[in-house]
Structure formats: C-alpha cells, structure tokens
Amino acid sequence: MYRNLLRMLILVIGGCALMAIVSPAMAQDATAPSFDVEITGTYGPFLPPDVSTTGHQSDLLINTLHWFMGVLFVGWGIFFVYCLVKFRQRPGHKADPKPVKAKVSKYAEIVVAVFEAALLVGLSIPVWAEVKEGFPTEEENPQHVRVVAEQFAWNFHYPGPDGVFGRAGPQFIDMASNILGIDPDDEHGADDIVSGELHVVAGRPVIADVTSKDVIHSFSIPVLRLKQDVIPGMRIPVWFNTKDDSAGNYEVACAQLCGNNHYSMRALMVIHATQSDVDAWLESAKPEEFDEDEFD
Amino acid sequence: MSGEHHKELGFFRKYVFSVDHKVIGIQYGITALCFLFFGFCLIMMIRWQLAYPGEPMPLIGGLLERLMGAKWAEEFMPGGRMTPDFYNALGAMHGTIMIFLGVVPLLVGAFGNYVMPLQIGAPDMAFPKINMASYWCFAAGGVIMLSSFLVPGGAANSGWTSYPPLSAIAQPPAAGWPILFSGQTLWLVGMVALITSSLLGSVNFIVTIIQLRVKGLTMFRLPFFVWAQFVTSFLLLLAFPPLEAAGVLQLMDRVAGTSFFLPEGLVVSGQVAMVQGREIAGGGNPLLWQHLFWFLAHPEVYVLILPAMGIVAEIIANNTRKPLWGYRALVYSTVFLGFMSFIVWAHHMFMTGMGTSISAFFATTTMIISIPSVIILTALIISLYNGAIRFTTPMLFALAFLPMFAIGGLTGLPLGLPVSDIPLHDTYYVIGHFHYVVAPGTILAIFGGIYYWFPKITGRKMNDTLGRLHFVFTFICMNVVFMPMFFQGLAGVSRRLFDQTQYSWGAAVQGWTITSSWGAWMLGVAQIFFFINFFWSIWGGKKVSNNPWEATTIEWSAPSPPPHGNFATEPVVYRGPYEYSVPGMSKDFFPQTAVTEA
Amino acid sequence: MSSELLPYTVKPHPVTGVYSGKLGVWLFLASEVMLFGAFFSAYILLKVGAPLEGPAHWPLHSERHMSWMIGGFNTLVLIISSVTMVMAWVSLKSGNFGKARMLLGATVALAVLFLVIKITMEYIPHWRDGLTTNTSNFWGIYYTMTGLHGVHILGGIVVISYFIGPGSKLWHENPEYYTNRIECTGLYWHFVDLVWIFLFPTLYLMS
Ligand code: HEM
Ligand SMILES: [Cu+2]
Ligand SMILES: [Cu+2]
C-alpha cells in the first residue's frame with residue numbers, strides 16, 4: 001500500500017514537472033500584430049508593467065494575497081501529506097474515532113478572518129474609494145477626454161482648443177463623416193477631434209467619460225490597472241494618472257465580450273513626455289476636410 | 001404496500017417513462033455524462049483555435065464538414081478554420097452545457113436522485129411522477145439547446161451569461177425562419193425548460209428529505225451528502241426563479257419588441273438599433289439583467305460544489321474508517337453558506353461602475369462567505385487525522401478534490417476584493433479560479449462518486465487498475481490545463497478571446513496557452529480508461545456483496561441493485577451516519593440500521 | 001392510482017404535521033414568490049430608471065387609458081373565485097361531493113370570466129389603440145406581468161377542470177386524498193389571486 005502511494009506521488013509530481021518542462025518548448029514564437037509602433041515594456045506570465053500612479057496599490061494587494069494563499073496552501077498541504085503517510089492503512093494500525101481537539105484549526109480560521117478583514121478595510125476599501133471616486137480637482141489640471149465604444153472600436157473624443165466638448169446625439173451619427181454624432185450646429189464641436197488613439201501626457205491626470213453606442217464593452221488598460229465596464233445609456237467617469245517617466249506606446253483592450261470581433265477591439269494609447277507633444281499630435285489629427293467643408 | 005407495486009411494468013414504463021427514482025437517477029446520469037462529454041468536445045475545439053489561432057483544424061475540420069455538410073462548414077468553419085462567431089458560440093455553449101446540462105444534473109439529478117432516498121431509507125421520492133416530469137423537462141431543455149447548433153446563425157454566442165444588449169440584438173432569425181428559431185432565443189427557451197426541471201426536482205428533494213426519513217433518522221443523523229442535497233435544493237428553489245423572470249424579459253425583448261434591457265439611443269453599426277425589424281423604444285437598463293442573472297448564478301456555484309463536497313465527505317468517512325471530524329460544524333457551515341450565497345451576487349459586477357459603499361458591502365459578504373468554506377475544507381482534511389486511510393479508487397479522487405478545491409477557493413479571494421479584482425476581472429484568472437472549483441474539484445468528486453456507488457447500482461465493482469490510471473492521468477492533465485490560466489490572467493489576457501496573440505501580453509504567454517491546450521487534449525485521451533472501465537464493468541466487473549466498502553450508511557443495507565421499493569423491510573436507524581472503528585467491536589464499522597453488532 | 005404507495009401522501013406526517021403534497025405546494029409557492037418578486041423588482045427598477053420625456057417615458061397615470069373599474073371588477077371576480085374554492089374544499093370535508101363539484105365549476109367559470117374580460121376589454125382595445133409591447137417599458141412590463149399571471153390562471157383552470165372531470169374518480173377511491181388535492185389546488189389558487197391583488201394597484205392605481 002505504502003509503496004503504491006509512493007509510486008503514485010512520484011508519478012503525479014513527475015508528470016506535472018515533465019509537462020511544465022516540455023510545454024514551453026512547444027510554444028511557437030508568437031508576436032502581437034503591431035500597430036505602426038513598438039509597444040513599450042516587457043510582458044510575461046505575471047502582472048504586466050505598471051505605469052500608473054495608483055496601480056502599485058492593487059499590485060500590493062494581489063501580491064500580499066498570493067503570499068497569504070501560498071502560506072495557507074502549503075500549511076494545509078503539509079498536514080495533508082503528513083496524514084496520508086502517517087495514517088495510511090497498514091497491518092497493526094487502527095483508526096482512532098475520538099475527535100481530536102484541533103485548536104490549531106480554530107486559530108487558523110480566526111487568522112484567516114482577521115487577515116481578510118484587515119486587507120478589506122485597510123487596503124481594498126480606501127484604494128477603491130481613491131481609484132474609482134477620488135477624481136482630480138480642476139486645480140490639478142486634468143485632461144478631459146470622452147471615450148465612446150462601439151462594435152469593434154474605441155473612439156476618443158478630445159474637446160479641442162476651446163476645452164469644451166460639442167454636443168452629441170445619435171441622430172447626427174454618420175459612419176462616414178461623424179461617427180460620434182457631434183451636432184454640426186454646436187460651435188463647441190467645431191474644433192473637436194475624434195481619433196482611434198488615446199494620447200495623454202506623463203504625469204498629468206486624465207478624466208475620461210466612457211460610454212457605448214451599442215453593447216456593453218469594458219475599457220481596460222492593464223498597464224494602468226484600469227478597468228471599467230462601458231454601458232450603453234450610461235456615461236461613467238473614470239480617472240487615472242501616469243508616472244512621470246512612463247512615456248511610450250501601450251495597448252487599450254476591450255475586456256467584455258461584445259460580438260464576433262471582440263478579440264480585435266484594441267486601441268493604441270500613447271503617453272507623451274510633454275504637453276507640447278500631445279498638442280502637436282492633436283493638431284495633426286484634426287481632419288482637414290471636416291474642418292473646411294462642414295464648418296466655418 | 002399496494003398491489004400495483006408488484007405488477008410487472010412494460011418496457012416503456014420500466015425504463016423510459018419510469019417513476020422509480022433509481023431509474024430516473026440513471027437516466028439523468030447517462031444523459032448528463034453525454035452532455036458533459038459533448039461540452040468537453042466543444043472546449044477541445046476551442047483549445048485548438050486558442051493554441052494555434054487561424055490554423056485549420058486537423059482531422060476534426062474535415063470530419064465536421066462531412067458530418068454537417070458543406071453549407072454548414074462554409075458558415076462556421078470555412079476551410080477548417082473556425083469563425084469568431086462560431087468560437088463565441090462554442091464558448092457560450094460550453095459554459096451552458098457544462099453547468100446546466102452536465103454537472104448539476106449529475107450531482108443533483110443523478111447522485112441526488114439515486115443515492116439520497118436510499119440514504120434516508122425511503123422507498124422512493126415523495127412525488128415519483130413529478131420526478132419523471134423533471135427528467136423529461138431536462139431532456140427537452142437539452143434537445144432545444146443542442147438543436148440551436150443547427151439553425152442559421154448557429155447556437156447562442158453571447159457567453160453563458162448572455163448579457164444584453166448584445167444578447168438582445170444578436171442573431172436575429174434568418175429570413176423565412178420562425179421567430180423562435182435563432183440561437184439566442186432557443187437558448188432562452190431551453191433555459192426556461194431547464195429551470196422548470198430544477199424547480200420540480202428541488203421541491204421533490206426537500207419534501208422527500210423532510211417527510212420520508214425512516215424511523216430513528218433524525219436530521220443530525222443524516223449523512224452529510226443528504227444535508228448537502230437539502231441545502232442545494234433550497235438554492236435551486238429560490239435562486240432560479242429570478243433567472244426565469246430574467247429569461248422571460250429577455251425573450252420579450254427579442255420577440256415582442258420590448259426594451260427592458262435596452263436603453264435609449266442605441267446605434268448599431270451606424271444604424272438605429274432594431275429588434276425584429278422594429279425600432280426599439282428604449283428606456284431599459286442593461287444592468288437589470290446582470291442583477292437578476294447573478295442573483296441566480298452565485299448560488300448556482302454552490303449548487304455546483306456542495307453536493308460534490310457531500311460525495312467527498314461520504315468517501316472520506318468510509319475510507320478513513322473513522323467519523324467525519326466536526327460533523328455539526330460541516331452542517332452549520334453548509335446551511336450558512338446557503339443563506340449567504342444570496343447576498344454576494346454583485347461581486348460579479350464590481351466593474352459596472354459601483355461606488356465605494358456598495359462594493360464594500362458585497363466585498364464584505366464575500367469575505368464572510370469564504371469563512372465557512374474554509375471551515376468545511378479544514379474539517380475534511382482534519383478528518384484524515386488518526387484515520388486508517390485506504391487508498392481505494394474513489395478515495396484517490398476524493399483526496400485529490402481537497403487541494404484542488406483549496407486552489408479554487410483561495411484564488412477566489414483576489415476576485416472578491418474589488419481592488420485586486422480590477423486587473424483580474426474577466427481575465428483567464430477568473431476562468432482558472434472557477435474551473436479549479438468545478439473541474440479538478442467537482443468533476444473529480446463526480447468520478448469518485450461513480451466509482452464509489454457503482455457497486456450499489458450494478459452489483460459489480462469497477463476495475464481498480466484502470467481506475468488508478470484514470471485518476472493519475474486525469475489529475476495531472478487537469479492541472480496542466482488550468483494552472484497556466486492563472487499566469488495568463490495575471491498577464492492580462494481577457495477571457496472569451498478568439499485570438500489572444502492580438503495583444504502583446506497575450507502573445508507573451510502564448511506558450512502557456514499551448515501547454516493548456518495540450519493538457520486538455522491529453523485529458524480527453526485519459527478518459528479512455530474511464531470509458532473502457534465503465535462499460536466493461538457493467539457486464540464484466542467483479543461481483544461484490546451488498547456492502548463492498550464496509551460502509552455504515554443506509555444505502556449499503558439494501559440489495560445491489562436495490563429492487564423497486566428499495567428495502568425488503570422498512571429499515572430503522574439506531575445511530576449516527578459514521579460509526580466507524582467503535583471501540584470494543586470486532587468489526588470496524590457499525591451500520592446505522594444494525595440493532596446490535598451482528 | 002398508486003395512492004397507497006408512499007407514506008404521508010394522504011395522512012399528515014406526525015412530526016411536520018402536513019402531508020407531502022401540502023409541503024410541496026408551499027415550497028412551490030415560495031419559488032413563485034421569488035419569481036413574481038423578481039418581476040416586481042424589475043418593474044420598480046425600470047420605472048425609476050425610465051427617461052423623463054420622449055417616446056419611451058413612463059406614462060403618467062392619466063396617459064394609460066386603464067380603467068380601474070375593469071381592473072377592480074376583475075379583482076372582485078378573482079376574490080369571489082377564491083371564496084368558491086374554499087367552499088368547495090369545505091364541502092368535501094363534510095363529504096358533499098356534488099356541492100363541491102358545483103363550486104369548483106363556479107371557480108372555473110369565474111376564472112374564465114376574468115380572462116375574457118382581460119382579453120376583450122383590455123388587451124384587444126389597448127393593442128388597437130397602438131399601446132403595444134413596443135410602446136414603452138410600462139406597456140412591455142404590463143403585458144408581461146399580466147400575461148404571466150394569465151398563464152397562471154389558465155393553469156388553474158386546467159387543473160381544476162381536471163379535478164371536476166377525469167380526476168374526480170379519485171373521490172370514490174380515496175376521498176381524503178381527493179380532498180387533499182383540492183386543498184393544494186386551493187392554496188395555489190389563492191396565491192394566484194394574491195398576485196393579482198398586488199398587480200392591480202401597481203398597474204392600475206399608482207402613478
Ligand atoms: C474539464 C475540462 C474543461 C476544460 C478544458 C474547460 C476549458 C474552458 C476554457 C478554455 C474556457 C474559456 C473559453 C473562452 O475563453 O471563451 C472555459 C469557459 C467556461 N467553462 Fe470550462 N472547461 C472545462 C470544464 C468545465 C466545467 C466542468 C464547467 C462547469 C461546471 C465549465 C464551465 C465553464 C464556463 C461557465 C465557462 C465560461 C463560458 C463563457 O465565457 O461564457 N467548464 N472552459
Ligand atoms: Cu468591445
Ligand atoms: Cu459569485
């Protein structure tokens with residue numbers, strides 16, 4: 001019996017190890033189809049790089065939790081394997097039906113409860129309040145942008161030099177010339193810029209209003225530890241801020257199944273080092289014929 | 001007993017439209033195993049697309065074209081490459097089939113139906129005809145679900161969660177087809193049938209457990225498995241109706257032009273949204289669906305795990321030859337879990353724009369509900385202490401359940417705290433988490449239960465060597481499939497992605513995806529041991545006595561297989577369910593129904 | 001009829017004090033409470049979230065063209081049918097099958113009357129006036145909830161008719177069993193009435 005058990009353990013552990021060694025060898029070189037630009041940062045089997053000013057807090061929570069889970073699991077595991085070996089059936093060994101007084105388990109349960117409570121109250125709740133509701137004030141000079149999701153693209157709506165968004169409504173939508181349905185009679189809309197790319201400045205907070213034209217999407221930027229479901233009929237504000245040294249190109253993803261091309265609903269986020277870089281890009285993104293034909 | 005009881009029934013009444021809980025249990029079991037296998041086949045196809053995006057599927061691609069015809073292949077798998085729509089349909093149907101047509105019918109319909117009445121010494125379920133109706137509703141729901149693969153546009157493809165507006169506007173019926181014949185609509189109709197089946201079943205289970213326990217069998221002498229079924233039935237009874245309501249509302253949105261889940265001003269591909277060729281009025285709320293859906297679907301995950309824990313507890317008590325540790329704590333924790341599971345649902349909706357106080361409420365309830373789960377797991381592990389552990393085939397599966405469920409449960413913590421959920425929500429981390437609970441967890445428990453009760457059902461034992469081989473390979477492959485998903489998830493890979501290499505983080509962990517896929521296919525191969533063992537043992541397995549495991553609970557005092565009416569004489573119960581190794585006795589088990597040590 | 005097959009099918013269980021069927025119906029009604037509870041919650045959520053103006057707005061009470069007289073009359077019809085249902089059960093208890101059968105017939109007749117009024121005086125005229133499921137969510141949920149309630153009424157009609165017709169054989173074989181079944185049907189029937197008593201003010205009276 002004992003030998004059988006041992007054989008079994010060796011088989012199980014050996015099998016898992018073998019698969020783990022062999023499998024990366026089966027991997028092919030897969031590279032993401034690029035935009036015209038190189039994506040910044042290295043990505044691998046753990047959390048992606050973090051370029052936000054708040055993301056370290058959720059990372060801290062995730063890491064703490066995984067250490068905690070590891071300790072619990074190993075603790076359980078040691079006791080488990082010990083029992084399997086020590087109390088295996090064998091000649092001369094009999095089960096003892098008296099219930100053991102397992103104080104340890106009671107303490108373990110209390111520790112788990114206290115630890116969870118501490119993480120919840122100490123980290124999760126205050127950080128949630130900060131990242132979801134602690135919007136930067138106007139003194140901090142946040143950049144405002146509107147994010148409009150649709151099957152299967154992200155549209156970013158910038159207010160232009162006047163800093164005011166043009167009014168928009170579904171009745172004005174024209175997929176060729178006016179995808180967001182900006183009211184042509186609203187003067188604030190005349191200088192607005194609509195693009196498929198999100199351009200921000202390192203170190204300047206951003207307030208983005210997200211909404212959707214059709215179905216539910218989810219505005220996800222893993223490198224910012226940002227995720228917000230985008231729900232049609234609702235305009236939900238989110239905010240983030242980037243690290244000062246984070247300039248580069250990053251990806252925006254859709255994280256909620258939204259139809260057949262959900263998998264390719266991806267956009268580029270460029271973090272510029274300076275405001276003037278952003279302004280230059282905004283200038284270049286202005287559609288000329290749009291400017292001249294329709295308005296002015 | 002009335003004369004009818006002994007009348008010979010015709011073939012149909014005996015095996016097809018039977019009202020005997022054991023026949024119905026077996027019907028449920030066979031049907032659900034087929035569905036489980038079908039759902040598994042769907043995911044093996046998905047795993048090809050995930051591992052080798054855009055490559056034509058070897059063998060299967062051609063086979064399907066032969067089987068389903070060129071027209072079908074052109075629509076769903078042109079040139080053996082699956083389309084994104086078909087991928088989404090496979091994913092949504094995998095989830096739906098596995099949960100509603102595979103695991104729940106196995107745990108409740110098959111094990112619950114077959115074993116529970118025997119364990120309480122009852123001659124049958126309280127309402128045998130309703131029991132039969134429940135099975136046939138389930139079968140009808142299954143057929144409706146499967147038939148949806150054949151309508152134009154294919155099966156439902158908005159995920160097993162069917163979030164509107166996507167699900168409401170998806171798959172309008174093709175021209176010339178009746179209004180009900182589109183994948184998503186059939187999904188809704190099928191769900192209503194399955195819900196009806198569950199409701200009928202749960203009423204029956206609760207009444208049976210309350211009314212038909214034999215003399216001497218008090219509630220605290222019930223085997224833990226029966227308690228698990230009892231709580232599960234309450235969950236099914238009370239959590240399913242809101243989903244039924246939601247299903248009806250979505251059906252109305254799809255066929256009657258209402259806008260319960262559709263806000264104003266929807267614009268799809270530049271056109272004002274239409275349903276059934278009519279402009280919608282709008283004014284509805286997409287989140288309403290999510291609330292109703294998750295109000296069911298969180299209790300549903302306890303439906304998927306509690307009976308599995310029940311099976312594991314039975315096997316562990318029997319194979320450690322000692323009573324379960326903390327039986328009462330187990331029972332109280334289970335009941336508490338049942339109650340709490342109704343107030344945690346919105347932890348699935350943290351990303352929908354929830355404020356601090358509401359998210360804090362649901363995070364708190366979620367943390368609270370994790371405590372009884374920890375207690376249950378701890379009690380089961382401590383039960384090993386001081387035992388005399390027999391490594392029988394069912395015991396191997398039951399033992400493996402414990403660490404697997406531990407992984408599944410622990411990885412729920414980062415998902416239950418809203419802040420750590422931000423990067424992990426809707427990624428493969430979630431897929432890994434709940435699969436550790438339901439696949440290496442529940443599925444292993446189901447296999448354990450099959451090996452354990454097989455002798456009761458057939459009078460024969462399954463082969464041990466094949467059983468062990470099945471165990472080792474299944475256990476390894478399960479981990480190879482699901483462990484990589486945690487790393488993919490941490491890396492940021494979303495779930496339900498047709499091609500994750502579109503993203504840098506996806507491309508970076510593509511190697512792990514391939515590993516996972518190979519694990520899934522090997523897992524499929526490993527089931528050959530089970531198939532051979534199962535079918536061979538039905539006719540050729542070793543004949544065994546009525547109580548081959550030397551167990552204490554009542555089902556083992558019935559003949560194997562039990563006749564119609566179960567027990568020759570009505571049993572009487574004298575003691576608790578797990579009187580093993582009682583000091584001073586010559587045998588190491590003391591059955592519940594034995595008057596004295598005979 | 002396999003009437004004697006299982007214990008406590010007819011006689012109450014000594015501990016729980018009920019026969020199995022009655023417990024089963026109570027449990028079934030608990031799930032029905034959850035079902036209609038979900039619909040009422042949906043109603044409230046939709047109403048609160050409805051746009052204030054535009055075509056999809058929640059119609060004011062005055063815009064609904066719903067006559068509380070018709071609704072009120074129908075409420076009365078259902079309440080009376082509940083009374084006849086109870087009386088049928090009481091007659092069975094005292095062994096008067098003929099009277100019970102008549103009262104069950106009255107219950108069915110009242111239920112049919114309810115449906116006829118609902119359909120001919122409300123559904124059809126409303127639909128003709130262009131107030132359809134597509135008009136706004138108030139009308140959508142109105143048709144859905146009253147429709148579902150109507151299906152429950154229909155179910156009741158089928159079950160009671162069965163007990164008047166083919167099911168009445170049971171009375172001659174096992175009167176107590178038959179009486180129990182009528183009691184269970186009655187419980188269901190009162191529940192269906194109760195749902196209407198919530199629906200009526202919600203849809204007809206509140207603005
Ligand atoms: C044992 C082998 C299994 C394998 C290899 C497997 C694999 C997978 C994979 C890879 C996905 C993600 C698909 C995607 O990204 O679109 C998935 C989704 C899912 N699986 Fe499984 N699974 C297994 C068993 C089960 C079982 C037993 C259940 C339930 C009891 C289950 C329930 C689900 C659900 C609900 C989803 C989500 C579907 C959706 O996104 O709508 N799976 N599975
Ligand atoms: Cu999307
Ligand atoms: Cu949940």
# chains A, B, ... in the order shown; residues from 1 in each chain; ligands from 1
>>> residues_near_ligand(ligand="ligand 1", cutoff="8 Å", atoms="only C-alpha atoms and all ligand atoms", output="PyMOL selection string")
chain B and resi 36+39-40+43-44+46-47+87-88+90-100+102-104+158-162+304+428+431+434-435+438-440+442-443+478+481-482+494-498+517+519-520+523
>>> interface_residues(of="chain A", to="chain B", cutoff="6 Å", atoms="only C-alpha atoms", output="ChimeraX atom specification")
/A:16,23-24,27,30-33,43-48,58,62,83,87-89,94-97,124,128-129,170,175,213-215,225,227-229,233,255,260,263
>>> interface_residues(of="chain C", to="chain B", cutoff="6 Å", atoms="only C-alpha atoms", output="list in words")
Glu4, Leu5, Gly24, Ser31, Met34, Leu35, Ala38, Ala50, Pro51, Ala56, Thr133, Asn134, Ser136 and Gly140 of chain C
>>> write_last_selection(atoms="C-alpha atoms", output="PDB file, in the first residue's frame")
ATOM      1  CA  GLU C   4     -51.018   3.925  -1.027  1.00  0.00           C
ATOM      2  CA  LEU C   5     -47.534   3.767  -2.407  1.00  0.00           C
ATOM      3  CA  GLY C  24     -44.682  20.549  -1.804  1.00  0.00           C
ATOM      4  CA  SER C  31     -40.402  29.778  -5.567  1.00  0.00           C
ATOM      5  CA  MET C  34     -39.291  34.666  -5.872  1.00  0.00           C
ATOM      6  CA  LEU C  35     -40.482  34.666  -9.480  1.00  0.00           C
ATOM      7  CA  ALA C  38     -38.186  39.368  -9.429  1.00  0.00           C
ATOM      8  CA  ALA C  50     -37.150  55.367 -17.213  1.00  0.00           C
ATOM      9  CA  PRO C  51     -36.471  58.508 -19.207  1.00  0.00           C
ATOM     10  CA  ALA C  56     -40.001  55.864 -24.073  1.00  0.00           C
ATOM     11  CA  THR C 133     -45.271  45.880 -26.028  1.00  0.00           C
ATOM     12  CA  ASN C 134     -43.195  48.119 -28.209  1.00  0.00           C
ATOM     13  CA  SER C 136     -42.736  51.816 -23.785  1.00  0.00           C
ATOM     14  CA  GLY C 140     -43.993  45.980 -22.026  1.00  0.00           C
TER      15      GLY C 140
END
>>> residues_near_ligand(ligand="ligand 2", cutoff="10 Å", atoms="only C-alpha atoms and all ligand atoms", output="PyMOL selection string")
chain A and resi 149-154+212+214-220+229-230+253-266
>>> write_last_selection(atoms="C-alpha atoms", output="PDB file, in the first residue's frame")
ATOM      1  CA  ALA A 149     -17.026  52.367 -27.537  1.00  0.00           C
ATOM      2  CA  GLU A 150     -18.717  50.669 -30.435  1.00  0.00           C
ATOM      3  CA  GLN A 151     -18.514  47.290 -32.108  1.00  0.00           C
ATOM      4  CA  PHE A 152     -15.447  46.957 -32.556  1.00  0.00           C
ATOM      5  CA  ALA A 153     -13.509  50.128 -31.993  1.00  0.00           C
ATOM      6  CA  TRP A 154     -12.623  52.685 -29.405  1.00  0.00           C
ATOM      7  CA  SER A 212     -21.033  52.985 -25.555  1.00  0.00           C
ATOM      8  CA  ASP A 214     -24.297  49.751 -28.853  1.00  0.00           C
ATOM      9  CA  VAL A 215     -23.490  46.932 -26.453  1.00  0.00           C
ATOM     10  CA  ILE A 216     -21.539  46.566 -23.227  1.00  0.00           C
ATOM     11  CA  HIS A 217     -17.774  46.826 -23.616  1.00  0.00           C
ATOM     12  CA  SER A 218     -15.111  47.139 -20.979  1.00  0.00           C
ATOM     13  CA  PHE A 219     -12.464  49.836 -21.057  1.00  0.00           C
ATOM     14  CA  SER A 220      -9.363  48.012 -19.931  1.00  0.00           C
ATOM     15  CA  ASP A 229     -17.382  48.357 -17.967  1.00  0.00           C
ATOM     16  CA  VAL A 230     -18.793  50.604 -20.657  1.00  0.00           C
ATOM     17  CA  ALA A 253      -8.263  46.434 -24.624  1.00  0.00           C
ATOM     18  CA  CYS A 254     -11.916  45.564 -24.561  1.00  0.00           C
ATOM     19  CA  ALA A 255     -12.487  43.156 -21.708  1.00  0.00           C
ATOM     20  CA  GLN A 256     -16.136  42.315 -22.166  1.00  0.00           C
ATOM     21  CA  LEU A 257     -17.456  40.041 -24.892  1.00  0.00           C
ATOM     22  CA  CYS A 258     -19.084  42.408 -27.364  1.00  0.00           C
ATOM     23  CA  GLY A 259     -19.552  40.387 -30.541  1.00  0.00           C
ATOM     24  CA  ASN A 260     -17.591  38.485 -33.137  1.00  0.00           C
ATOM     25  CA  ASN A 261     -14.633  40.837 -33.419  1.00  0.00           C
ATOM     26  CA  HIS A 262     -14.367  41.462 -29.713  1.00  0.00           C
ATOM     27  CA  TYR A 263     -10.877  39.976 -29.773  1.00  0.00           C
ATOM     28  CA  SER A 264      -9.567  42.681 -32.058  1.00  0.00           C
ATOM     29  CA  MET A 265     -11.152  45.635 -30.309  1.00  0.00           C
ATOM     30  CA  ARG A 266      -7.870  47.147 -29.364  1.00  0.00           C
TER      31      ARG A 266
END
>>> residues_near_ligand(ligand="ligand 3", cutoff="8 Å", atoms="only C-alpha atoms and all ligand atoms", output="number ranges by chain")
B: 294, 297-299, 301, 341, 344-348
>>> closest_atom_pairs(of="stretch 309-375 of chain B", to="stretch 215-221 of chain B", cutoff="10 Å", atoms="only C-alpha atoms", output="tab-separated table")
residue	atom	partner	partner_atom	distance
B:Tyr327	CA	B:Phe220	CA	8.8
B:Arg328	CA	B:Phe220	CA	7.8
B:Val331	CA	B:Phe220	CA	8.6
>>> write_last_selection(atoms="all heavy atoms", output="mmCIF file, in the first residue's frame")
data_model
loop_
_atom_site.group_PDB
_atom_site.id
_atom_site.type_symbol
_atom_site.label_atom_id
_atom_site.label_comp_id
_atom_site.auth_asym_id
_atom_site.auth_seq_id
_atom_site.Cartn_x
_atom_site.Cartn_y
_atom_site.Cartn_z
ATOM 1 N N TYR B 327 -18.726 17.067 12.322
ATOM 2 C CA TYR B 327 -19.931 16.883 11.504
ATOM 3 C C TYR B 327 -20.885 18.062 11.655
ATOM 4 O O TYR B 327 -21.394 18.618 10.684
ATOM 5 C CB TYR B 327 -20.604 15.572 11.926
ATOM 6 C CG TYR B 327 -21.986 15.362 11.357
ATOM 7 C CD1 TYR B 327 -22.159 14.888 10.071
ATOM 8 C CD2 TYR B 327 -23.115 15.645 12.120
ATOM 9 C CE1 TYR B 327 -23.422 14.679 9.555
ATOM 10 C CE2 TYR B 327 -24.388 15.447 11.606
ATOM 11 C CZ TYR B 327 -24.546 14.961 10.326
ATOM 12 O OH TYR B 327 -25.792 14.777 9.811
ATOM 13 N N ARG B 328 -21.119 18.473 12.906
ATOM 14 C CA ARG B 328 -22.060 19.582 13.092
ATOM 15 C C ARG B 328 -21.542 20.873 12.488
ATOM 16 O O ARG B 328 -22.287 21.638 11.892
ATOM 17 C CB ARG B 328 -22.350 19.781 14.571
ATOM 18 C CG ARG B 328 -23.244 18.683 15.080
ATOM 19 C CD ARG B 328 -24.017 19.101 16.299
ATOM 20 N NE ARG B 328 -24.932 18.017 16.616
ATOM 21 C CZ ARG B 328 -26.168 18.186 17.065
ATOM 22 N NH1 ARG B 328 -26.641 19.391 17.272
ATOM 23 N NH2 ARG B 328 -26.929 17.159 17.312
ATOM 24 N N VAL B 331 -22.297 20.807 8.917
ATOM 25 C CA VAL B 331 -23.702 21.071 8.601
ATOM 26 C C VAL B 331 -24.014 22.554 8.753
ATOM 27 O O VAL B 331 -24.594 23.181 7.855
ATOM 28 C CB VAL B 331 -24.613 20.219 9.502
ATOM 29 C CG1 VAL B 331 -26.060 20.666 9.371
ATOM 30 C CG2 VAL B 331 -24.473 18.755 9.159
#
>>> residues_around(residues="A:Ile193", least_positions_apart="2", cutoff="10 Å", atoms="only C-alpha atoms", output="PyMOL selection string")
chain A and resi 156-161+165-166+189-191+195+282-283+285-287
>>> write_last_selection(atoms="C-alpha atoms", output="PDB file, in the first residue's frame")
ATOM      1  CA  PHE A 156     -11.577  59.040 -28.296  1.00  0.00           C
ATOM      2  CA  HIS A 157     -13.205  62.437 -28.369  1.00  0.00           C
ATOM      3  CA  TYR A 158     -10.994  65.419 -27.488  1.00  0.00           C
ATOM      4  CA  PRO A 159     -12.577  68.822 -26.820  1.00  0.00           C
ATOM      5  CA  GLY A 160     -10.088  70.760 -28.939  1.00  0.00           C
ATOM      6  CA  PRO A 161      -8.554  74.156 -28.097  1.00  0.00           C
ATOM      7  CA  PHE A 165     -17.000  69.090 -25.963  1.00  0.00           C
ATOM      8  CA  GLY A 166     -19.503  69.517 -28.739  1.00  0.00           C
ATOM      9  CA  GLY A 189     -17.981  70.851 -31.590  1.00  0.00           C
ATOM     10  CA  ALA A 190     -16.282  72.550 -34.493  1.00  0.00           C
ATOM     11  CA  ASP A 191     -12.776  72.176 -33.114  1.00  0.00           C
ATOM     12  CA  SER A 195      -9.490  59.628 -33.069  1.00  0.00           C
ATOM     13  CA  LEU A 282      -3.846  66.821 -31.708  1.00  0.00           C
ATOM     14  CA  GLU A 283      -3.079  69.424 -34.354  1.00  0.00           C
ATOM     15  CA  ALA A 285      -5.088  64.615 -36.011  1.00  0.00           C
ATOM     16  CA  LYS A 286      -7.510  67.320 -36.994  1.00  0.00           C
ATOM     17  CA  PRO A 287      -9.335  66.168 -40.121  1.00  0.00           C
TER      18      PRO A 287
END
>>> select_by_dssp(residues="stretch 15-198 of chain A", states="helix (DSSP H, G or I)", output="ChimeraX atom specification")
/A:15-26,55-86,103-133,138-140,170-172,187-189
>>> closest_residue(among="A:Ala280, A:Met234, A:Leu268, A:Leu119", to="chain C", atoms="only C-alpha atoms")
A:Met234
>>> closest_residue(among="A:Val278, A:Leu180, A:Ile236, A:Val206", to="A:Asn141", atoms="only C-alpha atoms")
A:Val206
